[in-house]
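**Q** File follows, my_file_24.cif with mmCIF, N, CA and C atoms:
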```
data_my_file
#
loop_
_atom_site.label_atom_id
_atom_site.label_comp_id
_atom_site.auth_asym_id
_atom_site.auth_seq_id
_atom_site.Cartn_x
_atom_site.Cartn_y
_atom_site.Cartn_z
N MET A 1 76.41 88.36 -78.52
CA MET A 1 74.99 88.32 -78.19
C MET A 1 74.69 89.46 -77.22
N PRO A 2 73.63 90.23 -77.45
CA PRO A 2 73.32 91.33 -76.53
C PRO A 2 72.92 90.79 -75.16
N THR A 3 73.30 91.51 -74.13
CA THR A 3 72.92 91.13 -72.79
C THR A 3 72.01 92.18 -72.17
N THR A 4 71.28 92.87 -73.02
CA THR A 4 70.36 93.89 -72.57
C THR A 4 68.96 93.29 -72.47
N GLY A 5 68.27 93.64 -71.41
CA GLY A 5 66.90 93.19 -71.24
C GLY A 5 66.00 94.35 -70.86
N ILE A 6 64.71 94.13 -71.03
CA ILE A 6 63.71 95.13 -70.65
C ILE A 6 62.69 94.43 -69.76
N LEU A 7 62.35 95.08 -68.68
CA LEU A 7 61.37 94.58 -67.74
C LEU A 7 60.16 95.51 -67.72
N LEU A 8 58.98 94.97 -67.97
CA LEU A 8 57.73 95.72 -67.84
C LEU A 8 57.15 95.40 -66.48
N SER A 9 57.25 96.34 -65.56
CA SER A 9 56.77 96.13 -64.20
C SER A 9 56.54 97.46 -63.51
N ASP A 10 55.57 97.48 -62.60
CA ASP A 10 55.37 98.66 -61.77
C ASP A 10 55.42 98.31 -60.28
N ASP A 11 55.84 97.10 -59.96
CA ASP A 11 55.97 96.63 -58.59
C ASP A 11 57.41 96.91 -58.14
N LEU A 12 57.59 97.92 -57.30
CA LEU A 12 58.95 98.36 -56.94
C LEU A 12 59.76 97.28 -56.24
N LEU A 13 59.17 96.54 -55.32
CA LEU A 13 59.92 95.52 -54.60
C LEU A 13 60.33 94.37 -55.51
N PHE A 14 59.40 93.89 -56.33
CA PHE A 14 59.71 92.79 -57.22
C PHE A 14 60.69 93.24 -58.31
N THR A 15 60.53 94.46 -58.78
CA THR A 15 61.44 95.03 -59.76
C THR A 15 62.86 95.07 -59.21
N SER A 16 63.01 95.49 -57.96
CA SER A 16 64.35 95.57 -57.39
C SER A 16 64.97 94.18 -57.27
N ARG A 17 64.17 93.18 -57.01
CA ARG A 17 64.69 91.80 -56.95
C ARG A 17 65.19 91.35 -58.33
N ILE A 18 64.42 91.62 -59.35
CA ILE A 18 64.81 91.24 -60.72
C ILE A 18 66.04 92.02 -61.15
N MET A 19 66.05 93.30 -60.87
CA MET A 19 67.19 94.14 -61.24
C MET A 19 68.46 93.70 -60.51
N GLY A 20 68.34 93.36 -59.24
CA GLY A 20 69.48 92.89 -58.47
C GLY A 20 70.04 91.60 -59.03
N THR A 21 69.16 90.70 -59.43
CA THR A 21 69.61 89.44 -60.01
C THR A 21 70.33 89.69 -61.33
N ALA A 22 69.75 90.54 -62.18
CA ALA A 22 70.39 90.86 -63.45
C ALA A 22 71.77 91.47 -63.23
N ARG A 23 71.85 92.39 -62.30
CA ARG A 23 73.13 93.05 -62.01
C ARG A 23 74.16 92.03 -61.51
N ALA A 24 73.74 91.13 -60.62
CA ALA A 24 74.65 90.10 -60.09
C ALA A 24 75.15 89.17 -61.20
N LEU A 25 74.34 88.99 -62.22
CA LEU A 25 74.71 88.13 -63.35
C LEU A 25 75.48 88.88 -64.44
N GLY A 26 75.64 90.19 -64.28
CA GLY A 26 76.35 90.98 -65.27
C GLY A 26 75.50 91.31 -66.48
N LEU A 27 74.18 91.32 -66.30
CA LEU A 27 73.26 91.60 -67.39
C LEU A 27 72.67 93.00 -67.21
N GLU A 28 72.47 93.69 -68.31
CA GLU A 28 71.90 95.04 -68.28
C GLU A 28 70.38 94.94 -68.42
N MET A 29 69.66 95.57 -67.49
CA MET A 29 68.20 95.51 -67.50
C MET A 29 67.64 96.92 -67.38
N HIS A 30 66.66 97.23 -68.21
CA HIS A 30 65.98 98.52 -68.16
C HIS A 30 64.53 98.27 -67.76
N VAL A 31 63.96 99.18 -66.99
CA VAL A 31 62.59 99.03 -66.51
C VAL A 31 61.69 100.05 -67.19
N VAL A 32 60.55 99.57 -67.63
CA VAL A 32 59.50 100.44 -68.17
C VAL A 32 58.20 100.11 -67.45
N ARG A 33 57.26 101.03 -67.51
CA ARG A 33 56.00 100.84 -66.78
C ARG A 33 54.77 100.81 -67.67
N SER A 34 55.00 100.78 -69.00
CA SER A 34 53.85 100.68 -69.91
C SER A 34 54.26 99.91 -71.16
N ALA A 35 53.28 99.32 -71.80
CA ALA A 35 53.54 98.58 -73.04
C ALA A 35 54.09 99.51 -74.11
N LEU A 36 53.59 100.72 -74.18
CA LEU A 36 54.08 101.70 -75.16
C LEU A 36 55.56 102.01 -74.93
N ALA A 37 55.94 102.22 -73.68
CA ALA A 37 57.35 102.48 -73.37
C ALA A 37 58.20 101.26 -73.69
N LEU A 38 57.67 100.07 -73.48
CA LEU A 38 58.39 98.84 -73.80
C LEU A 38 58.65 98.75 -75.30
N GLU A 39 57.63 99.02 -76.10
CA GLU A 39 57.78 98.98 -77.56
C GLU A 39 58.87 99.94 -78.02
N GLU A 40 58.84 101.15 -77.49
CA GLU A 40 59.81 102.17 -77.88
C GLU A 40 61.23 101.74 -77.49
N MET A 41 61.40 101.28 -76.27
CA MET A 41 62.73 100.87 -75.83
C MET A 41 63.22 99.65 -76.60
N ALA A 42 62.33 98.73 -76.92
CA ALA A 42 62.72 97.54 -77.69
C ALA A 42 63.23 97.95 -79.07
N ARG A 43 62.59 98.94 -79.68
CA ARG A 43 63.07 99.44 -80.98
C ARG A 43 64.46 100.04 -80.85
N GLN A 44 64.70 100.75 -79.76
CA GLN A 44 65.99 101.42 -79.55
C GLN A 44 67.10 100.47 -79.15
N ARG A 45 66.79 99.50 -78.32
CA ARG A 45 67.82 98.66 -77.68
C ARG A 45 68.02 97.29 -78.30
N GLY A 46 67.02 96.74 -79.01
CA GLY A 46 67.15 95.39 -79.53
C GLY A 46 67.49 94.39 -78.44
N PRO A 47 66.61 94.25 -77.44
CA PRO A 47 66.94 93.44 -76.27
C PRO A 47 67.08 91.95 -76.57
N ALA A 48 67.86 91.28 -75.74
CA ALA A 48 67.98 89.82 -75.80
C ALA A 48 66.81 89.18 -75.09
N CYS A 49 66.25 89.89 -74.10
CA CYS A 49 65.17 89.34 -73.29
C CYS A 49 64.21 90.45 -72.89
N VAL A 50 62.93 90.11 -72.90
CA VAL A 50 61.89 91.01 -72.40
C VAL A 50 61.11 90.23 -71.36
N ILE A 51 61.01 90.79 -70.16
CA ILE A 51 60.26 90.17 -69.07
C ILE A 51 59.04 91.03 -68.81
N VAL A 52 57.87 90.37 -68.78
CA VAL A 52 56.61 91.10 -68.71
C VAL A 52 55.78 90.64 -67.51
N ASP A 53 55.39 91.59 -66.69
CA ASP A 53 54.39 91.33 -65.66
C ASP A 53 53.05 91.27 -66.40
N LEU A 54 52.48 90.09 -66.47
CA LEU A 54 51.28 89.88 -67.28
C LEU A 54 50.10 90.71 -66.80
N HIS A 55 50.04 90.98 -65.52
CA HIS A 55 48.96 91.82 -64.98
C HIS A 55 49.04 93.22 -65.57
N LEU A 56 50.26 93.72 -65.70
CA LEU A 56 50.45 95.07 -66.22
C LEU A 56 50.22 95.13 -67.74
N ALA A 57 50.61 94.09 -68.45
CA ALA A 57 50.45 94.07 -69.91
C ALA A 57 48.99 93.95 -70.31
N GLY A 58 48.23 93.15 -69.57
CA GLY A 58 46.80 93.00 -69.82
C GLY A 58 46.48 92.60 -71.24
N SER A 59 45.45 93.22 -71.78
CA SER A 59 44.96 92.87 -73.11
C SER A 59 45.90 93.33 -74.23
N GLU A 60 46.89 94.13 -73.89
CA GLU A 60 47.86 94.60 -74.91
C GLU A 60 48.92 93.56 -75.23
N LEU A 61 48.97 92.47 -74.47
CA LEU A 61 50.04 91.49 -74.63
C LEU A 61 50.15 90.89 -76.03
N PRO A 62 49.06 90.41 -76.64
CA PRO A 62 49.22 89.81 -77.98
C PRO A 62 49.84 90.77 -79.00
N ALA A 63 49.38 92.01 -79.02
CA ALA A 63 49.94 92.99 -79.95
C ALA A 63 51.39 93.31 -79.60
N LEU A 64 51.69 93.35 -78.32
CA LEU A 64 53.04 93.63 -77.87
C LEU A 64 54.01 92.52 -78.31
N VAL A 65 53.62 91.27 -78.11
CA VAL A 65 54.48 90.15 -78.52
C VAL A 65 54.67 90.17 -80.03
N THR A 66 53.61 90.44 -80.78
CA THR A 66 53.71 90.52 -82.24
C THR A 66 54.74 91.58 -82.64
N LYS A 67 54.69 92.74 -82.01
CA LYS A 67 55.64 93.81 -82.34
C LYS A 67 57.06 93.43 -81.95
N LEU A 68 57.22 92.76 -80.81
CA LEU A 68 58.56 92.33 -80.40
C LEU A 68 59.14 91.32 -81.39
N ARG A 69 58.30 90.49 -81.96
CA ARG A 69 58.74 89.47 -82.92
C ARG A 69 59.17 90.09 -84.24
N GLN A 70 58.81 91.34 -84.50
CA GLN A 70 59.22 92.01 -85.72
C GLN A 70 60.65 92.55 -85.65
N GLY A 71 61.19 92.63 -84.43
CA GLY A 71 62.54 93.13 -84.24
C GLY A 71 63.53 91.99 -84.14
N PRO A 72 64.73 92.29 -83.63
CA PRO A 72 65.73 91.24 -83.44
C PRO A 72 65.20 90.15 -82.51
N ASP A 73 65.71 88.95 -82.70
CA ASP A 73 65.26 87.82 -81.91
C ASP A 73 65.47 88.08 -80.42
N CYS A 74 64.43 87.88 -79.62
CA CYS A 74 64.54 88.02 -78.18
C CYS A 74 63.62 87.01 -77.50
N THR A 75 63.96 86.67 -76.27
CA THR A 75 63.14 85.78 -75.47
C THR A 75 62.12 86.62 -74.73
N VAL A 76 60.85 86.24 -74.82
CA VAL A 76 59.80 86.95 -74.10
C VAL A 76 59.33 86.07 -72.95
N VAL A 77 59.50 86.58 -71.75
CA VAL A 77 59.15 85.87 -70.53
C VAL A 77 58.00 86.60 -69.86
N GLY A 78 56.92 85.87 -69.54
CA GLY A 78 55.79 86.45 -68.84
C GLY A 78 55.60 85.77 -67.50
N TYR A 79 55.27 86.56 -66.50
CA TYR A 79 54.94 85.99 -65.19
C TYR A 79 53.67 86.64 -64.67
N GLY A 80 52.92 85.86 -63.89
CA GLY A 80 51.67 86.37 -63.36
C GLY A 80 51.17 85.52 -62.20
N SER A 81 50.05 85.89 -61.70
CA SER A 81 49.46 85.21 -60.55
C SER A 81 49.10 83.77 -60.89
N HIS A 82 49.38 82.87 -59.97
CA HIS A 82 49.04 81.46 -60.19
C HIS A 82 47.54 81.22 -60.22
N VAL A 83 46.77 82.11 -59.63
CA VAL A 83 45.31 81.94 -59.64
C VAL A 83 44.68 82.46 -60.92
N ALA A 84 45.45 83.17 -61.72
CA ALA A 84 44.95 83.71 -63.00
C ALA A 84 45.38 82.80 -64.13
N ALA A 85 44.91 81.56 -64.08
CA ALA A 85 45.29 80.56 -65.09
C ALA A 85 44.94 81.02 -66.49
N ASP A 86 43.84 81.75 -66.64
CA ASP A 86 43.45 82.24 -67.96
C ASP A 86 44.45 83.25 -68.51
N VAL A 87 45.03 84.07 -67.63
CA VAL A 87 46.03 85.05 -68.05
C VAL A 87 47.31 84.34 -68.48
N LEU A 88 47.71 83.33 -67.72
CA LEU A 88 48.91 82.57 -68.07
C LEU A 88 48.71 81.85 -69.40
N GLN A 89 47.54 81.27 -69.60
CA GLN A 89 47.25 80.58 -70.86
C GLN A 89 47.21 81.57 -72.03
N ALA A 90 46.64 82.74 -71.80
CA ALA A 90 46.59 83.77 -72.86
C ALA A 90 48.00 84.21 -73.25
N ALA A 91 48.90 84.27 -72.28
CA ALA A 91 50.29 84.64 -72.57
C ALA A 91 50.97 83.58 -73.43
N ARG A 92 50.69 82.33 -73.14
CA ARG A 92 51.24 81.25 -73.98
C ARG A 92 50.68 81.36 -75.40
N ALA A 93 49.38 81.59 -75.49
CA ALA A 93 48.74 81.72 -76.80
C ALA A 93 49.25 82.94 -77.56
N ALA A 94 49.62 83.99 -76.84
CA ALA A 94 50.13 85.22 -77.47
C ALA A 94 51.53 85.04 -78.02
N GLY A 95 52.22 83.97 -77.59
CA GLY A 95 53.55 83.71 -78.13
C GLY A 95 54.71 83.94 -77.19
N CYS A 96 54.44 84.12 -75.90
CA CYS A 96 55.54 84.25 -74.94
C CYS A 96 56.34 82.95 -74.96
N ASP A 97 57.65 83.06 -74.90
CA ASP A 97 58.53 81.89 -74.91
C ASP A 97 58.47 81.13 -73.59
N VAL A 98 58.37 81.88 -72.50
CA VAL A 98 58.32 81.30 -71.16
C VAL A 98 57.19 82.00 -70.42
N VAL A 99 56.32 81.20 -69.78
CA VAL A 99 55.23 81.74 -68.97
C VAL A 99 55.25 81.00 -67.64
N LEU A 100 55.36 81.77 -66.56
CA LEU A 100 55.48 81.17 -65.24
C LEU A 100 54.59 81.87 -64.23
N PRO A 101 54.06 81.11 -63.27
CA PRO A 101 53.44 81.77 -62.13
C PRO A 101 54.52 82.59 -61.41
N ARG A 102 54.11 83.67 -60.81
CA ARG A 102 55.06 84.59 -60.18
C ARG A 102 55.98 83.88 -59.18
N SER A 103 55.46 82.98 -58.38
CA SER A 103 56.28 82.29 -57.38
C SER A 103 57.37 81.44 -58.04
N ARG A 104 57.02 80.74 -59.09
CA ARG A 104 57.99 79.90 -59.81
C ARG A 104 59.03 80.78 -60.51
N PHE A 105 58.56 81.89 -61.07
CA PHE A 105 59.46 82.86 -61.70
C PHE A 105 60.51 83.32 -60.69
N ALA A 106 60.07 83.69 -59.49
CA ALA A 106 60.99 84.17 -58.45
C ALA A 106 61.96 83.08 -58.02
N GLU A 107 61.47 81.86 -57.90
CA GLU A 107 62.31 80.73 -57.46
C GLU A 107 63.43 80.43 -58.46
N THR A 108 63.15 80.56 -59.73
CA THR A 108 64.10 80.14 -60.76
C THR A 108 64.84 81.29 -61.43
N LEU A 109 64.60 82.49 -60.96
CA LEU A 109 65.15 83.69 -61.62
C LEU A 109 66.67 83.62 -61.81
N SER A 110 67.40 83.37 -60.76
CA SER A 110 68.87 83.35 -60.86
C SER A 110 69.37 82.26 -61.80
N ALA A 111 68.73 81.12 -61.77
CA ALA A 111 69.17 80.00 -62.60
C ALA A 111 68.77 80.17 -64.06
N GLU A 112 67.61 80.71 -64.32
CA GLU A 112 67.07 80.77 -65.68
C GLU A 112 67.39 82.06 -66.43
N MET A 113 67.61 83.15 -65.73
CA MET A 113 67.81 84.42 -66.42
C MET A 113 68.94 84.38 -67.45
N PRO A 114 70.09 83.78 -67.13
CA PRO A 114 71.13 83.74 -68.17
C PRO A 114 70.67 83.03 -69.45
N ARG A 115 69.91 81.96 -69.30
CA ARG A 115 69.40 81.24 -70.48
C ARG A 115 68.44 82.12 -71.26
N TRP A 116 67.59 82.86 -70.57
CA TRP A 116 66.64 83.74 -71.25
C TRP A 116 67.37 84.80 -72.07
N PHE A 117 68.52 85.23 -71.57
CA PHE A 117 69.32 86.24 -72.26
C PHE A 117 70.22 85.62 -73.32
N GLY A 118 70.27 84.30 -73.36
CA GLY A 118 71.20 83.64 -74.27
C GLY A 118 72.62 83.85 -73.83
N ALA A 119 72.81 84.03 -72.53
CA ALA A 119 74.13 84.34 -71.98
C ALA A 119 74.49 83.35 -70.89
N GLU A 120 74.56 82.08 -71.25
CA GLU A 120 74.88 81.06 -70.25
C GLU A 120 76.21 81.32 -69.57
N SER A 121 77.04 82.13 -70.21
CA SER A 121 78.35 82.43 -69.63
C SER A 121 78.31 83.60 -68.64
N ALA A 122 77.11 84.10 -68.34
CA ALA A 122 77.02 85.20 -67.38
C ALA A 122 77.60 84.74 -66.05
N LYS A 123 78.16 85.71 -65.30
CA LYS A 123 78.77 85.31 -64.04
C LYS A 123 77.70 84.81 -63.08
N PRO A 124 78.04 83.84 -62.23
CA PRO A 124 77.04 83.31 -61.29
C PRO A 124 76.65 84.36 -60.27
N PRO A 125 75.40 84.31 -59.78
CA PRO A 125 74.98 85.29 -58.79
C PRO A 125 75.73 85.07 -57.49
N SER A 126 75.90 86.15 -56.75
CA SER A 126 76.56 86.03 -55.46
C SER A 126 75.62 85.36 -54.47
N ASP A 127 76.16 84.89 -53.36
CA ASP A 127 75.37 84.18 -52.37
C ASP A 127 74.33 85.05 -51.70
N ASP A 128 74.46 86.37 -51.78
CA ASP A 128 73.51 87.24 -51.10
C ASP A 128 72.24 87.49 -51.90
N GLN A 129 72.09 86.85 -53.06
CA GLN A 129 70.88 87.01 -53.88
C GLN A 129 69.78 86.12 -53.40
#
```
Using structure tokens, write down the structure from this file.
**A**
Amino acid sequence: MPTTGILLSDDLLFTSRIMGTARALGLEMHVVRSALALEEMARQRGPACVIVDLHLAGSELPALVTKLRQGPDCTVVGYGSHVAADVLQAARAAGCDVVLPRSRFAETLSAEMPRWFGAESAKPPSDDQ
């Protein structure tokens, strides 16, 4: 099973947290900053997981999820502001497998990321995460 993931984010601090967690779990994660770059990398890499900052994806999300579903099977995870309930609901309607408010996403990242990658055997994160 591939352990490659793609993260669509432009938030440097949050990106470094996600990347650090992936690295601690032994998972490979690539960062892109646009939906177009995500589509291109997904075609090249066939990721096991795609994590999307819903604020950054915006109205392109439904088309993006549709295109991701045309490739190899992958888990699509979206996170966004808890006050943007309409954005979270739109992500569910667009077909994201997992949709979480940003705070819940951050809280469960270490525990859930291996499952999102289909890699339950990933090494456990170190205590410094």
**Q** Which residues are near range 11-17 of chain A? Cut-off 9 Å, only C-alpha atoms, ignore same chain within fewer than 5 positions. Put them as a ChimeraX atom specification.
**A** /A:22,31,53,106,129
**Q** Select all residues near (54.3, 88.5, -78.3) (cut-off 6 Å, inclusive, file coordinates), counting only C-alpha atoms, and output them as a ChimeraX atom specification.
**A** /A:62,64-66,94-96
**Q** Taking only C-alpha atoms into account, which of A:His82, A:Arg69, A:Arg45, A:Arg33 comes nearest Phe105 in chain A?
**A**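 Closest to Phe105 in chain A of all the choices is A:His82.
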**Q** Between A:Ala90, A:Met19, A:Leu7, A:Leu56, which residue has the minimum interatomic distance to Val76 in chain A, considering only C-alpha atoms?
**A**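 Closest to Val76 in chain A, using only C-alpha atoms: A:Leu7.
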**Q** Quick one: distance from CA of Leu54 in chain A to atom C of Pro114 in chain A in Å, one decimal?
**A**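 Between CA of Leu54 in chain A and atom C of Pro114 in chain A the gap is 20.7 Å.
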**Q** Take the point (50.9, 90.5, -66.1) as written in the file and pick out every residue within 9 Å of it, counting only C-alpha atoms; give the list as a ChimeraX atom specification.
**A** /A:8-9,52-58,61,78-81,87-88,91
**Q** Using DSSP assignments from the backbone, pull out every residue in chain A that falls under helix (DSSP H, G or I) and give it to me as a short mmCIF file (atom, residue, chain, number, x, y, z; two decimals) with N, CA and C atoms, in the coordinates of the input.
**A**
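Ended up saving to selection.cif:
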```
data_model
loop_
_atom_site.label_atom_id
_atom_site.label_comp_id
_atom_site.auth_asym_id
_atom_site.auth_seq_id
_atom_site.Cartn_x
_atom_site.Cartn_y
_atom_site.Cartn_z
N LEU A 12 57.59 97.92 -57.30
CA LEU A 12 58.95 98.36 -56.94
C LEU A 12 59.76 97.28 -56.24
N LEU A 13 59.17 96.54 -55.32
CA LEU A 13 59.92 95.52 -54.60
C LEU A 13 60.33 94.37 -55.51
N PHE A 14 59.40 93.89 -56.33
CA PHE A 14 59.71 92.79 -57.22
C PHE A 14 60.69 93.24 -58.31
N THR A 15 60.53 94.46 -58.78
CA THR A 15 61.44 95.03 -59.76
C THR A 15 62.86 95.07 -59.21
N SER A 16 63.01 95.49 -57.96
CA SER A 16 64.35 95.57 -57.39
C SER A 16 64.97 94.18 -57.27
N ARG A 17 64.17 93.18 -57.01
CA ARG A 17 64.69 91.80 -56.95
C ARG A 17 65.19 91.35 -58.33
N ILE A 18 64.42 91.62 -59.35
CA ILE A 18 64.81 91.24 -60.72
C ILE A 18 66.04 92.02 -61.15
N MET A 19 66.05 93.30 -60.87
CA MET A 19 67.19 94.14 -61.24
C MET A 19 68.46 93.70 -60.51
N GLY A 20 68.34 93.36 -59.24
CA GLY A 20 69.48 92.89 -58.47
C GLY A 20 70.04 91.60 -59.03
N THR A 21 69.16 90.70 -59.43
CA THR A 21 69.61 89.44 -60.01
C THR A 21 70.33 89.69 -61.33
N ALA A 22 69.75 90.54 -62.18
CA ALA A 22 70.39 90.86 -63.45
C ALA A 22 71.77 91.47 -63.23
N ARG A 23 71.85 92.39 -62.30
CA ARG A 23 73.13 93.05 -62.01
C ARG A 23 74.16 92.03 -61.51
N ALA A 24 73.74 91.13 -60.62
CA ALA A 24 74.65 90.10 -60.09
C ALA A 24 75.15 89.17 -61.20
N ALA A 35 53.28 99.32 -71.80
CA ALA A 35 53.54 98.58 -73.04
C ALA A 35 54.09 99.51 -74.11
N LEU A 36 53.59 100.72 -74.18
CA LEU A 36 54.08 101.70 -75.16
C LEU A 36 55.56 102.01 -74.93
N ALA A 37 55.94 102.22 -73.68
CA ALA A 37 57.35 102.48 -73.37
C ALA A 37 58.20 101.26 -73.69
N LEU A 38 57.67 100.07 -73.48
CA LEU A 38 58.39 98.84 -73.80
C LEU A 38 58.65 98.75 -75.30
N GLU A 39 57.63 99.02 -76.10
CA GLU A 39 57.78 98.98 -77.56
C GLU A 39 58.87 99.94 -78.02
N GLU A 40 58.84 101.15 -77.49
CA GLU A 40 59.81 102.17 -77.88
C GLU A 40 61.23 101.74 -77.49
N MET A 41 61.40 101.28 -76.27
CA MET A 41 62.73 100.87 -75.83
C MET A 41 63.22 99.65 -76.60
N ALA A 42 62.33 98.73 -76.92
CA ALA A 42 62.72 97.54 -77.69
C ALA A 42 63.23 97.95 -79.07
N ARG A 43 62.59 98.94 -79.68
CA ARG A 43 63.07 99.44 -80.98
C ARG A 43 64.46 100.04 -80.85
N GLN A 44 64.70 100.75 -79.76
CA GLN A 44 65.99 101.42 -79.55
C GLN A 44 67.10 100.47 -79.15
N ARG A 45 66.79 99.50 -78.32
CA ARG A 45 67.82 98.66 -77.68
C ARG A 45 68.02 97.29 -78.30
N LEU A 54 52.48 90.09 -66.47
CA LEU A 54 51.28 89.88 -67.28
C LEU A 54 50.10 90.71 -66.80
N HIS A 55 50.04 90.98 -65.52
CA HIS A 55 48.96 91.82 -64.98
C HIS A 55 49.04 93.22 -65.57
N LEU A 56 50.26 93.72 -65.70
CA LEU A 56 50.45 95.07 -66.22
C LEU A 56 50.22 95.13 -67.74
N ALA A 57 50.61 94.09 -68.45
CA ALA A 57 50.45 94.07 -69.91
C ALA A 57 48.99 93.95 -70.31
N GLY A 58 48.23 93.15 -69.57
CA GLY A 58 46.80 93.00 -69.82
C GLY A 58 46.48 92.60 -71.24
N SER A 59 45.45 93.22 -71.78
CA SER A 59 44.96 92.87 -73.11
C SER A 59 45.90 93.33 -74.23
N GLU A 60 46.89 94.13 -73.89
CA GLU A 60 47.86 94.60 -74.91
C GLU A 60 48.92 93.56 -75.23
N LEU A 61 48.97 92.47 -74.47
CA LEU A 61 50.04 91.49 -74.63
C LEU A 61 50.15 90.89 -76.03
N PRO A 62 49.06 90.41 -76.64
CA PRO A 62 49.22 89.81 -77.98
C PRO A 62 49.84 90.77 -79.00
N ALA A 63 49.38 92.01 -79.02
CA ALA A 63 49.94 92.99 -79.95
C ALA A 63 51.39 93.31 -79.60
N LEU A 64 51.69 93.35 -78.32
CA LEU A 64 53.04 93.63 -77.87
C LEU A 64 54.01 92.52 -78.31
N VAL A 65 53.62 91.27 -78.11
CA VAL A 65 54.48 90.15 -78.52
C VAL A 65 54.67 90.17 -80.03
N THR A 66 53.61 90.44 -80.78
CA THR A 66 53.71 90.52 -82.24
C THR A 66 54.74 91.58 -82.64
N LYS A 67 54.69 92.74 -82.01
CA LYS A 67 55.64 93.81 -82.34
C LYS A 67 57.06 93.43 -81.95
N LEU A 68 57.22 92.76 -80.81
CA LEU A 68 58.56 92.33 -80.40
C LEU A 68 59.14 91.32 -81.39
N ARG A 69 58.30 90.49 -81.96
CA ARG A 69 58.74 89.47 -82.92
C ARG A 69 59.17 90.09 -84.24
N ALA A 85 44.91 81.56 -64.08
CA ALA A 85 45.29 80.56 -65.09
C ALA A 85 44.94 81.02 -66.49
N ASP A 86 43.84 81.75 -66.64
CA ASP A 86 43.45 82.24 -67.96
C ASP A 86 44.45 83.25 -68.51
N VAL A 87 45.03 84.07 -67.63
CA VAL A 87 46.03 85.05 -68.05
C VAL A 87 47.31 84.34 -68.48
N LEU A 88 47.71 83.33 -67.72
CA LEU A 88 48.91 82.57 -68.07
C LEU A 88 48.71 81.85 -69.40
N GLN A 89 47.54 81.27 -69.60
CA GLN A 89 47.25 80.58 -70.86
C GLN A 89 47.21 81.57 -72.03
N ALA A 90 46.64 82.74 -71.80
CA ALA A 90 46.59 83.77 -72.86
C ALA A 90 48.00 84.21 -73.25
N ALA A 91 48.90 84.27 -72.28
CA ALA A 91 50.29 84.64 -72.57
C ALA A 91 50.97 83.58 -73.43
N ARG A 92 50.69 82.33 -73.14
CA ARG A 92 51.24 81.25 -73.98
C ARG A 92 50.68 81.36 -75.40
N ALA A 93 49.38 81.59 -75.49
CA ALA A 93 48.74 81.72 -76.80
C ALA A 93 49.25 82.94 -77.56
N ALA A 94 49.62 83.99 -76.84
CA ALA A 94 50.13 85.22 -77.47
C ALA A 94 51.53 85.04 -78.02
N ARG A 102 54.11 83.67 -60.81
CA ARG A 102 55.06 84.59 -60.18
C ARG A 102 55.98 83.88 -59.18
N SER A 103 55.46 82.98 -58.38
CA SER A 103 56.28 82.29 -57.38
C SER A 103 57.37 81.44 -58.04
N ARG A 104 57.02 80.74 -59.09
CA ARG A 104 57.99 79.90 -59.81
C ARG A 104 59.03 80.78 -60.51
N PHE A 105 58.56 81.89 -61.07
CA PHE A 105 59.46 82.86 -61.70
C PHE A 105 60.51 83.32 -60.69
N ALA A 106 60.07 83.69 -59.49
CA ALA A 106 60.99 84.17 -58.45
C ALA A 106 61.96 83.08 -58.02
N GLU A 107 61.47 81.86 -57.90
CA GLU A 107 62.31 80.73 -57.46
C GLU A 107 63.43 80.43 -58.46
N THR A 108 63.15 80.56 -59.73
CA THR A 108 64.10 80.14 -60.76
C THR A 108 64.84 81.29 -61.43
N LEU A 109 64.60 82.49 -60.96
CA LEU A 109 65.15 83.69 -61.62
C LEU A 109 66.67 83.62 -61.81
N SER A 110 67.40 83.37 -60.76
CA SER A 110 68.87 83.35 -60.86
C SER A 110 69.37 82.26 -61.80
N ALA A 111 68.73 81.12 -61.77
CA ALA A 111 69.17 80.00 -62.60
C ALA A 111 68.77 80.17 -64.06
N GLU A 112 67.61 80.71 -64.32
CA GLU A 112 67.07 80.77 -65.68
C GLU A 112 67.39 82.06 -66.43
N MET A 113 67.61 83.15 -65.73
CA MET A 113 67.81 84.42 -66.42
C MET A 113 68.94 84.38 -67.45
N PRO A 114 70.09 83.78 -67.13
CA PRO A 114 71.13 83.74 -68.17
C PRO A 114 70.67 83.03 -69.45
N ARG A 115 69.91 81.96 -69.30
CA ARG A 115 69.40 81.24 -70.48
C ARG A 115 68.44 82.12 -71.26
N TRP A 116 67.59 82.86 -70.57
CA TRP A 116 66.64 83.74 -71.25
C TRP A 116 67.37 84.80 -72.07
N PHE A 117 68.52 85.23 -71.57
CA PHE A 117 69.32 86.24 -72.26
C PHE A 117 70.22 85.62 -73.32
#
```
**Q** What's the separation between CA of Met29 in chain A and CA of Phe117 in chain A, in Å to one decimal place?
**A** 10.5 Å
**Q** So which one's closest to Thr21 in chain A, A:Ala84, A:Leu36, A:Ile51, A:Met113? Using all atoms listed in the file, please.
**A** A:Met113
**Q** Name the closest residue to Val32 in chain A among the candidates A:Ala63, A:Ile6, A:Ala48, A:Ala111; distances are taken between atoms, counting all atoms listed in the file.
**A** A:Ile6
**Q** Return as an NGL selection string the set of residues that the PyMOL selection byres (((chain A and resi 73 and name CA) around 12) and name CA) yields on the displayed structure.
**A** :A and (1-2 or 42-43 or 45-50 or 65-72 or 74-76 or 97 or 116-118)
**Q** Could you tell me how far CA of Thr3 in chain A sits from CA of Glu39 in chain A, in Å to one decimal place?
**A** 17.7 Å
**Q** Could you check the closest approach to Leu100 in chain A for each of A:Leu27, A:Ala119, A:Val77, A:Ala85 and tell me which residue wins, using all atoms listed in the file?
**A**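 So, comparing all the options, the nearest one is A:Val77.
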**Q** Please report, as a list in words, each residue of range 62-109 of chain A to which DSSP assigns strand (DSSP E) when run on this structure's backbone.
**A**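 These are the residues in question: Thr75, Val76, Val77, Gly78, Tyr79, Gly80, Val98, Val99, Leu100 and Pro101 of chain A.
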